Structure formats: C-alpha cells, structure tokens
>>> print(open('target.txt').read())   # compact mmCIF, C-alpha atoms and all ligand atoms
# COMPACT_ATOMS: atom_id res chain seq x y z
CA MET A 1 9.59 -2.75 -5.00
CA SER A 2 12.14 -4.66 -2.98
CA GLU A 3 14.36 -7.37 -4.41
CA ASP A 4 12.14 -10.15 -3.07
CA ASN A 5 9.17 -8.67 -4.95
CA SER A 6 7.31 -7.37 -1.92
CA ARG A 7 6.25 -3.73 -1.65
CA ILE A 8 8.30 -1.72 0.79
CA GLU A 9 8.84 1.97 1.38
CA ALA A 10 12.20 3.47 0.47
CA TYR A 11 14.74 3.29 3.31
CA PRO A 12 18.24 4.77 3.57
CA GLY A 13 20.71 2.74 1.52
CA GLY A 14 17.94 0.61 0.07
CA ALA A 15 17.94 -1.02 -3.38
CA GLY A 16 15.06 -2.54 -5.27
CA VAL A 17 13.50 -3.43 -8.59
CA CYS A 18 10.79 -1.51 -10.44
CA PRO A 19 7.71 -3.74 -10.78
CA GLY A 20 6.89 -1.97 -14.04
CA CYS A 21 10.08 -2.06 -16.09
CA MET A 22 12.17 -4.40 -13.89
CA SER A 23 15.13 -2.03 -13.81
CA SER A 24 16.97 -1.39 -10.57
CA LEU A 25 15.94 1.31 -8.15
CA ILE A 26 17.79 3.23 -5.50
CA ALA A 27 16.23 4.72 -2.39
CA LYS A 28 16.19 8.51 -2.15
CA CYS A 29 15.95 9.43 1.49
CA GLY A 30 16.74 13.11 1.82
CA THR A 31 15.25 15.78 3.99
CA ARG A 32 13.50 17.87 1.35
CA LYS A 33 11.26 15.37 -0.43
CA VAL A 34 9.16 12.45 0.71
CA TRP A 35 11.37 9.33 0.75
CA HIS A 36 10.93 7.48 -2.50
CA TRP A 37 12.43 5.03 -4.98
CA ALA A 38 14.17 6.36 -8.07
CA HIS A 39 15.25 4.71 -11.31
CA GLN A 40 19.00 4.43 -11.59
CA GLY A 41 20.51 6.56 -14.32
CA HIS A 42 17.31 7.32 -16.21
CA ASP A 43 13.94 8.92 -15.78
CA HIS A 44 10.96 7.14 -14.35
CA CYS A 45 9.54 4.57 -16.79
CA ASP A 46 6.08 6.11 -16.33
CA HIS A 47 6.09 9.55 -17.94
CA TRP A 48 2.96 10.44 -15.96
CA TRP A 49 4.87 9.92 -12.74
CA GLU A 50 5.50 12.94 -10.51
CA PRO A 51 7.11 13.46 -7.11
CA GLU A 52 4.84 12.64 -4.22
CA THR A 53 3.51 15.04 -1.63
CA LEU A 54 2.72 14.05 1.95
CA TRP A 55 -0.96 14.45 1.06
CA HIS A 56 -0.52 11.94 -1.73
CA ARG A 57 1.33 9.51 0.52
CA ALA A 58 -1.36 9.79 3.20
CA TRP A 59 -4.09 8.88 0.71
CA LYS A 60 -2.21 5.87 -0.57
CA GLY A 61 -1.74 4.80 3.03
CA CYS A 62 -5.51 4.36 3.39
CA PHE A 63 -5.18 1.24 1.25
CA PRO A 64 -3.12 -1.96 1.49
CA ARG A 65 0.42 -1.60 0.19
CA ASP A 66 -0.06 -4.17 -2.56
CA TRP A 67 -2.73 -1.94 -4.09
CA GLN A 68 -0.43 1.10 -4.27
CA GLU A 69 1.69 2.11 -7.27
CA TYR A 70 0.18 -0.65 -9.31
CA PRO A 71 1.80 -1.17 -12.74
CA HIS A 72 -0.77 -1.10 -15.49
CA HIS A 73 0.14 -2.01 -19.08
CA GLY A 74 -2.10 -0.60 -21.80
CA ASP A 75 -3.06 -2.26 -25.08
CA GLN A 76 -0.20 -0.52 -26.88
CA GLY A 77 2.33 -1.65 -24.30
CA GLU A 78 2.33 1.72 -22.56
CA LEU A 79 3.13 1.51 -18.86
CA HIS A 80 1.65 3.62 -16.09
CA PHE A 81 1.44 3.18 -12.35
CA ALA A 82 -2.01 3.60 -10.85
CA ASP A 83 -1.79 5.36 -7.48
CA ILE A 84 -4.16 2.77 -6.08
CA ARG A 85 -5.72 -0.20 -7.79
CA THR A 86 -8.10 -2.45 -5.91
CA PRO A 87 -8.33 -6.21 -6.57
CA ASN A 88 -11.65 -5.48 -8.28
CA GLY A 89 -9.88 -3.31 -10.83
CA LEU A 90 -10.95 0.11 -9.57
CA VAL A 91 -8.21 2.70 -10.02
CA ILE A 92 -8.05 5.68 -7.64
CA GLU A 93 -5.89 8.51 -8.95
CA VAL A 94 -4.81 10.95 -6.27
CA GLN A 95 -4.04 14.24 -7.97
CA HIS A 96 -2.20 17.18 -6.47
CA SER A 97 -0.76 19.02 -9.47
CA HIS A 98 -2.68 20.57 -12.33
CA LEU A 99 -3.77 18.36 -15.23
CA GLY A 100 -4.89 19.71 -18.57
CA ASP A 101 -8.07 18.50 -20.24
CA ARG A 102 -6.21 16.16 -22.57
CA GLU A 103 -4.30 14.57 -19.70
CA ILE A 104 -7.48 14.05 -17.71
CA ARG A 105 -9.14 12.33 -20.65
CA ALA A 106 -6.04 10.26 -21.47
CA ARG A 107 -5.89 8.83 -17.97
CA GLU A 108 -9.60 8.13 -17.89
CA GLN A 109 -9.34 6.27 -21.17
CA PHE A 110 -6.22 4.40 -20.10
CA TYR A 111 -7.56 3.15 -16.78
CA GLY A 112 -11.26 2.93 -17.59
CA ASN A 113 -12.64 2.17 -14.14
CA LEU A 114 -11.27 5.24 -12.40
CA VAL A 115 -12.18 7.79 -9.75
CA TRP A 116 -10.25 10.95 -8.92
CA VAL A 117 -9.29 12.37 -5.55
CA VAL A 118 -8.21 15.99 -6.07
CA ASP A 119 -6.18 18.11 -3.67
CA GLY A 120 -8.46 21.09 -3.06
CA THR A 121 -5.85 22.85 -0.93
CA ARG A 122 -3.26 23.36 -3.72
CA LEU A 123 -4.62 26.77 -4.71
CA LYS A 124 -5.38 29.22 -1.95
CA HIS A 125 -8.84 30.33 -3.03
CA ASP A 126 -10.35 27.10 -4.36
CA ARG A 127 -11.99 26.04 -1.13
CA ASN A 128 -13.71 29.31 -0.31
CA ARG A 129 -14.83 29.84 -3.87
CA PHE A 130 -16.22 26.34 -4.06
CA LEU A 131 -18.07 26.57 -0.75
CA LYS A 132 -19.38 30.11 -1.14
CA GLY A 133 -23.16 29.96 -1.07
CA MET A 134 -23.12 26.19 -1.42
CA ASP A 135 -25.58 25.67 1.43
CA ARG A 136 -28.23 27.40 -0.62
CA ASN A 137 -27.67 24.85 -3.39
CA LEU A 138 -28.63 21.83 -1.34
CA GLY A 139 -31.78 20.01 -2.36
CA LEU A 140 -32.55 22.05 -5.45
CA GLY A 141 -32.86 18.94 -7.59
CA THR A 142 -34.99 15.87 -7.17
CA ASP A 143 -32.79 14.47 -4.40
CA PRO A 144 -32.70 16.55 -1.19
CA ASN A 145 -29.15 15.31 -0.49
CA VAL A 146 -27.68 16.53 -3.76
CA TYR A 147 -26.20 19.98 -4.21
CA VAL A 148 -26.99 21.58 -7.58
CA PHE A 149 -24.60 24.39 -8.38
CA ASN A 150 -22.95 26.42 -11.12
CA GLY A 151 -19.85 24.34 -11.75
CA ASN A 152 -18.56 26.71 -14.42
CA GLY A 153 -18.61 29.53 -11.89
CA ARG A 154 -16.25 27.69 -9.53
CA GLN A 155 -12.67 27.43 -10.69
CA ILE A 156 -11.92 24.00 -9.33
CA THR A 157 -14.92 22.32 -10.92
CA ARG A 158 -14.40 24.22 -14.15
CA ARG A 159 -10.86 22.83 -14.34
CA TRP A 160 -12.27 19.32 -13.96
CA ALA A 161 -15.33 19.84 -16.15
CA VAL A 162 -13.96 17.63 -18.93
CA SER A 163 -13.82 14.62 -16.60
CA GLN A 164 -16.25 11.79 -17.18
CA ARG A 165 -15.61 10.14 -13.83
CA LEU A 166 -16.48 10.88 -10.22
CA VAL A 167 -14.20 13.63 -8.86
CA TYR A 168 -13.74 13.75 -5.08
CA LEU A 169 -12.54 17.17 -3.91
CA ASP A 170 -10.46 17.03 -0.73
CA PHE A 171 -10.28 20.37 1.06
CA GLY A 172 -8.43 18.84 4.00
CA GLU A 173 -11.59 18.25 6.02
CA ASP A 174 -13.44 15.16 7.23
CA ASP A 175 -15.82 15.25 4.29
CA LEU A 176 -15.06 15.03 0.58
CA TRP A 177 -17.17 16.68 -2.08
CA CYS A 178 -18.08 14.15 -4.74
CA VAL A 179 -18.79 15.87 -8.06
CA SER A 180 -20.70 13.82 -10.60
CA PRO A 181 -19.72 13.60 -14.28
CA ASP A 182 -23.43 13.99 -15.07
CA ARG A 183 -24.11 17.64 -15.79
CA HIS A 184 -26.84 19.74 -17.28
CA ASN A 185 -25.39 22.84 -18.93
CA TRP A 186 -23.96 24.89 -16.04
CA GLN A 187 -25.61 22.68 -13.47
CA PHE A 188 -23.21 20.36 -11.68
CA PHE A 189 -24.23 17.88 -9.00
CA ALA A 190 -22.34 17.03 -5.84
CA THR A 191 -22.76 15.22 -2.56
CA ARG A 192 -20.78 15.27 0.65
CA VAL A 193 -19.28 12.02 1.86
CA THR A 194 -16.95 11.20 4.70
CA LYS A 195 -13.44 10.10 3.77
CA ALA A 196 -13.99 6.89 5.70
CA SER A 197 -17.12 5.97 3.76
CA PHE A 198 -15.34 6.74 0.49
CA VAL A 199 -12.42 4.47 1.38
CA ASP A 200 -14.78 1.70 2.46
CA ALA A 201 -16.79 2.02 -0.74
CA CYS A 202 -13.65 1.83 -2.88
CA LYS A 203 -12.64 -1.37 -1.15
CA ILE A 204 -15.84 -2.98 -2.42
CA ASN A 205 -15.39 -1.30 -5.82
CA ASP A 206 -18.41 0.94 -5.62
CA PRO A 207 -17.56 4.56 -4.88
CA ASN A 208 -21.10 5.43 -5.96
CA SER A 209 -22.39 3.75 -2.84
CA ALA A 210 -20.54 6.33 -0.74
CA SER A 211 -22.50 9.05 -2.48
CA LYS A 212 -26.17 9.51 -2.86
CA GLN A 213 -27.45 8.53 -6.25
CA PHE A 214 -26.96 11.37 -8.72
CA PRO A 215 -29.68 12.43 -11.12
CA VAL A 216 -29.15 11.13 -14.62
CA SER A 217 -28.74 13.88 -17.17
ZN ZN A 301 10.34 1.36 -14.00
>>> encode(input="target.txt", output="structure tokens")
Amino acid sequence: MSEDNSRIEAYPGGAGVCPGCMSSLIAKCGTRKVWHWAHQGHDHCDHWWEPETLWHRAWKGCFPRDWQEYPHHGDQGELHFADIRTPNGLVIEVQHSHLGDREIRAREQFYGNLVWVVDGTRLKHDRNRFLKGMDRNLGLGTDPNVYVFNGNGRQITRRWAVSQRLVYLDFGEDDLWCVSPDRHNWQFFATRVTKASFVDACKINDPNSASKQFPVS
C-alpha cells in the first residue's frame, strides 16, 4: 500500500495508495486503534472492511505480507480485500466480529476457496460452552480422532452452522478446533489441530491436511 506498490504497515505521517481502488491513503497512527491505512475523505472502498484487532493483525502476520489484504474483484466488479490470499488462491478470512448467516454465505460465494478462522474469545462463555463435555465426544464416529458433538447445542457452532467451509475456532490456545461443514442433523464433526500445522497446510493450499479426514455426510 505504499506509493512504490510494495506492502508496508502504516507509519506516522505515511501516505500510500489503495491497491483496490487506487485512491490515496493516509496513515492513522493513534494510541487507541491498531495503526492502519485509511481512505482520504471517504469510506473504505470495501464495504465488508472493519477495523482490525490485535488478534486479527497477529493472524495476518503468520503469512507473507504480499498475501495480506489481497484485493479481489468479483464477476460484477465488486471489490473486497481478502484477509489472506495464498498464491494458490486459498482465501483465509480471519473473523472477530459477528457475521449473520447471509454475510457468511455471501463471502463464501464471493471467494469460493475459503476457510474461516474465528475469534473464540470475543464472547465470554463461548469457550467453556464449546469445551464442556467435549472429551466424551472424541471417537464416537468412525474415526477415533474426530469429535462428534451437538453443534446446535453450542452457541458458537450454531452461529456458524450455515457455513459450508471449514471453520477454525481459535480460543487463544495452541490448538484450533476445526469444525467441518459436513453435518448430520445435530451431529457436527471437529478435530483439533495446532496453529502451526494449520498455517503450514494453508501455505500448500490444503487446510484439510492439517485436520484428520472428516466423515462424509
Ligand atoms: Zn480503496
């Protein structure tokens, strides 16, 4: 986003150009929000854009800078920035704030090859309610490494139930919980993967390889 077309973080007094709409940007480097670039005199050209959290910034930092905030033009000329897009075309959307069902589906349709990383620490009770009794759900299916659980009975998976992509829940721990889009009524399927193995798998465009194979519904 700098003037010479390379990707740089916002710095005090900095100026740049938006790689999506080519309008000029000014650096916002205050004390309250994460330092970021802002469009001059008008709103962000991507209406899905939202202010970043440190959690969001940390996730993007797991990947090369050129893969971050990648402008993606849809068939109808609509512009959105993928949080991370690998050279193989895999989009990783890192989601802190709430998304409604229609927004989840719209992004999945727009990007196609997409996986979600969801901030499981945004709401106070999500983690405990997700993990409660989960140990008993391990190995109930055909694969001993897959947790089979009532996804409708857990708020965080119920909120993401409409998704048709892999959803990685990040509760701020070393492991992520990878919830499969394959479901059978109330039965949801999940595996635990380390963050490192997830990042490595994304770099070769196969987040499934970080997880055990899920049963096909
Ligand atoms: Zn722009």
>>> residues_near_ligand(input="target.txt", ligand="ligand ZN 301 (chain A)", cutoff="10 Å", atoms="only C-alpha atoms and all ligand atoms", output="MDAnalysis selection string")
chainID A and resid 1 17:25 37:40 42:46 71 79:81
>>> residues_around(input="target.txt", residues="segment 51-59 of chain A", least_positions_apart="6", cutoff="9 Å", atoms="only C-alpha atoms", output="list in words")
Lys33, Val34, Trp35, His36, Asp83, Val94, Gln95, His96, Val117 and Asp119 of chain A
>>> residues_around(input="target.txt", residues="Cys62 of chain A", least_positions_apart="2", cutoff="10 Å", atoms="all atoms listed in the file", output="PyMOL selection string")
chain A and resi 57-60+64-65+68+84+195-196+199-200
>>> residues_around(input="target.txt", residues="segment 123-129 of chain A", least_positions_apart="5", cutoff="12 Å", atoms="all atoms listed in the file", output="MDAnalysis selection string")
chainID A and resid 96:98 118 134 150:159 169:173 176:177
>>> closest_atom_pairs(input="target.txt", of="segment 125-199 of chain A", to="segment 203-207 of chain A", cutoff="10 Å", atoms="all atoms listed in the file", output="tab-separated table")
residue	atom	partner	partner_atom	distance
A:Leu166	CA	A:Pro207	CA	8.3
A:Tyr168	CA	A:Pro207	CA	10.0
A:Cys178	CA	A:Pro207	CA	9.6
A:Ser197	CA	A:Pro207	CA	8.8
A:Phe198	CA	A:Pro207	CA	6.2
A:Val199	CA	A:Lys203	CA	6.4
>>> axis_aligned_box(input="target.txt", around="segment 164-180 of chain A", padding_each_side="5 Å", output="lines of an AutoDock Vina configuration file")
center_x = -14.6
center_y = 15.3
center_z = -5.0
size_x = 22.3
size_y = 20.2
size_z = 34.4
>>> residues_near_point(input="target.txt", point="(17.8, -0.2, -2.3)", cutoff="6 Å", atoms="all atoms listed in the file", output="list in words")
Gly13, Gly14, Ala15, Gly16, Ile26 and Ala27 of chain A
>>> closest_residue(input="target.txt", among="A:Val162, A:Val167, A:Ala190, A:Leu131", to="Ala106 of chain A", atoms="all atoms listed in the file")
A:Val162
>>> closest_residue(input="target.txt", among="A:Asp174, A:Asp143, A:Asp135, A:Asp182", to="Thr194 of chain A", atoms="all atoms listed in the file")
A:Asp174
>>> atom_distance(input="target.txt", atom1="atom CA of Asn137 of chain A", atom2="atom CA of Asn113 of chain A")
29.3 Å
>>> atom_distance(input="target.txt", atom1="atom CA of Gly77 of chain A", atom2="atom CA of Gln164 of chain A")
24.0 Å
>>> atom_distance(input="target.txt", atom1="atom CA of Arg165 of chain A", atom2="atom CA of Thr121 of chain A")
20.6 Å
>>> closest_residue(input="target.txt", among="A:Ser6, A:Asn208, A:Leu140, A:Tyr147", to="Phe188 of chain A", atoms="only C-alpha atoms")
A:Tyr147
>>> closest_residue(input="target.txt", among="A:Leu114, A:Ala10, A:Ala82, A:Leu138", to="Cys202 of chain A", atoms="only C-alpha atoms")
A:Leu114
>>> closest_residue(input="target.txt", among="A:Ile104, A:Lys28, A:Val146, A:Ala201", to="Val179 of chain A", atoms="all atoms listed in the file")
A:Val146
>>> closest_residue(input="target.txt", among="A:Arg102, A:Lys132, A:Ser211, A:Arg7", to="Glu69 of chain A", atoms="all atoms listed in the file")
A:Arg7
>>> build_atoms(input="target.txt", residues="segment 97-127 of chain A", atoms="N, CA and C atoms", output="CSV table (one decimal), in the frame of the given file")
chain,number,residue,atom,x,y,z
A,97,SER,N,-1.1,18.0,-8.5
A,97,SER,CA,-0.8,19.0,-9.5
A,97,SER,C,-1.8,19.2,-10.5
A,98,HIS,N,-1.7,20.3,-11.3
A,98,HIS,CA,-2.7,20.6,-12.3
A,98,HIS,C,-2.6,19.6,-13.5
A,99,LEU,N,-3.7,19.2,-14.0
A,99,LEU,CA,-3.8,18.4,-15.2
A,99,LEU,C,-4.6,19.1,-16.3
A,100,GLY,N,-4.1,19.1,-17.5
A,100,GLY,CA,-4.9,19.7,-18.6
A,100,GLY,C,-6.0,18.8,-19.0
A,101,ASP,N,-6.9,19.3,-19.8
A,101,ASP,CA,-8.1,18.5,-20.2
A,101,ASP,C,-7.6,17.2,-21.0
A,102,ARG,N,-6.6,17.3,-21.8
A,102,ARG,CA,-6.2,16.2,-22.6
A,102,ARG,C,-5.6,15.1,-21.7
A,103,GLU,N,-4.9,15.5,-20.6
A,103,GLU,CA,-4.3,14.6,-19.7
A,103,GLU,C,-5.4,13.9,-18.9
A,104,ILE,N,-6.4,14.7,-18.5
A,104,ILE,CA,-7.5,14.0,-17.7
A,104,ILE,C,-8.1,13.0,-18.5
A,105,ARG,N,-8.5,13.3,-19.8
A,105,ARG,CA,-9.1,12.3,-20.6
A,105,ARG,C,-8.3,11.1,-20.9
A,106,ALA,N,-7.0,11.4,-21.2
A,106,ALA,CA,-6.0,10.3,-21.5
A,106,ALA,C,-6.0,9.3,-20.3
A,107,ARG,N,-5.9,9.8,-19.1
A,107,ARG,CA,-5.9,8.8,-18.0
A,107,ARG,C,-7.2,8.1,-17.8
A,108,GLU,N,-8.3,8.8,-18.0
A,108,GLU,CA,-9.6,8.1,-17.9
A,108,GLU,C,-9.8,7.0,-18.9
A,109,GLN,N,-9.3,7.3,-20.1
A,109,GLN,CA,-9.3,6.3,-21.2
A,109,GLN,C,-8.4,5.1,-20.9
A,110,PHE,N,-7.2,5.4,-20.4
A,110,PHE,CA,-6.2,4.4,-20.1
A,110,PHE,C,-6.7,3.4,-19.0
A,111,TYR,N,-7.2,4.0,-17.9
A,111,TYR,CA,-7.6,3.2,-16.8
A,111,TYR,C,-9.0,2.7,-16.8
A,112,GLY,N,-9.9,3.4,-17.5
A,112,GLY,CA,-11.3,2.9,-17.6
A,112,GLY,C,-12.0,3.1,-16.3
A,113,ASN,N,-11.9,2.1,-15.4
A,113,ASN,CA,-12.6,2.2,-14.1
A,113,ASN,C,-11.8,3.0,-13.1
A,114,LEU,N,-12.1,4.3,-13.1
A,114,LEU,CA,-11.3,5.2,-12.4
A,114,LEU,C,-12.1,6.2,-11.6
A,115,VAL,N,-11.7,6.6,-10.4
A,115,VAL,CA,-12.2,7.8,-9.8
A,115,VAL,C,-11.0,8.7,-9.4
A,116,TRP,N,-11.3,10.0,-9.3
A,116,TRP,CA,-10.2,11.0,-8.9
A,116,TRP,C,-10.4,11.4,-7.5
A,117,VAL,N,-9.3,11.6,-6.8
A,117,VAL,CA,-9.3,12.4,-5.6
A,117,VAL,C,-8.4,13.6,-5.8
A,118,VAL,N,-8.9,14.8,-5.7
A,118,VAL,CA,-8.2,16.0,-6.1
A,118,VAL,C,-7.9,16.8,-4.8
A,119,ASP,N,-6.6,17.3,-4.8
A,119,ASP,CA,-6.2,18.1,-3.7
A,119,ASP,C,-6.8,19.5,-3.8
A,120,GLY,N,-7.8,19.8,-3.0
A,120,GLY,CA,-8.5,21.1,-3.1
A,120,GLY,C,-7.7,22.2,-2.3
A,121,THR,N,-6.6,21.8,-1.7
A,121,THR,CA,-5.8,22.8,-0.9
A,121,THR,C,-4.7,23.4,-1.7
A,122,ARG,N,-4.4,22.9,-3.0
A,122,ARG,CA,-3.3,23.4,-3.7
A,122,ARG,C,-3.3,24.9,-4.0
A,123,LEU,N,-4.5,25.3,-4.4
A,123,LEU,CA,-4.6,26.8,-4.7
A,123,LEU,C,-5.4,27.4,-3.6
A,124,LYS,N,-4.9,28.6,-3.2
A,124,LYS,CA,-5.4,29.2,-2.0
A,124,LYS,C,-6.9,29.5,-1.9
A,125,HIS,N,-7.5,29.9,-3.1
A,125,HIS,CA,-8.8,30.3,-3.0
A,125,HIS,C,-9.9,29.3,-3.4
A,126,ASP,N,-9.4,28.1,-3.8
A,126,ASP,CA,-10.4,27.1,-4.4
A,126,ASP,C,-11.4,26.7,-3.4
A,127,ARG,N,-11.0,26.5,-2.1
A,127,ARG,CA,-12.0,26.0,-1.1
A,127,ARG,C,-13.1,27.1,-0.9
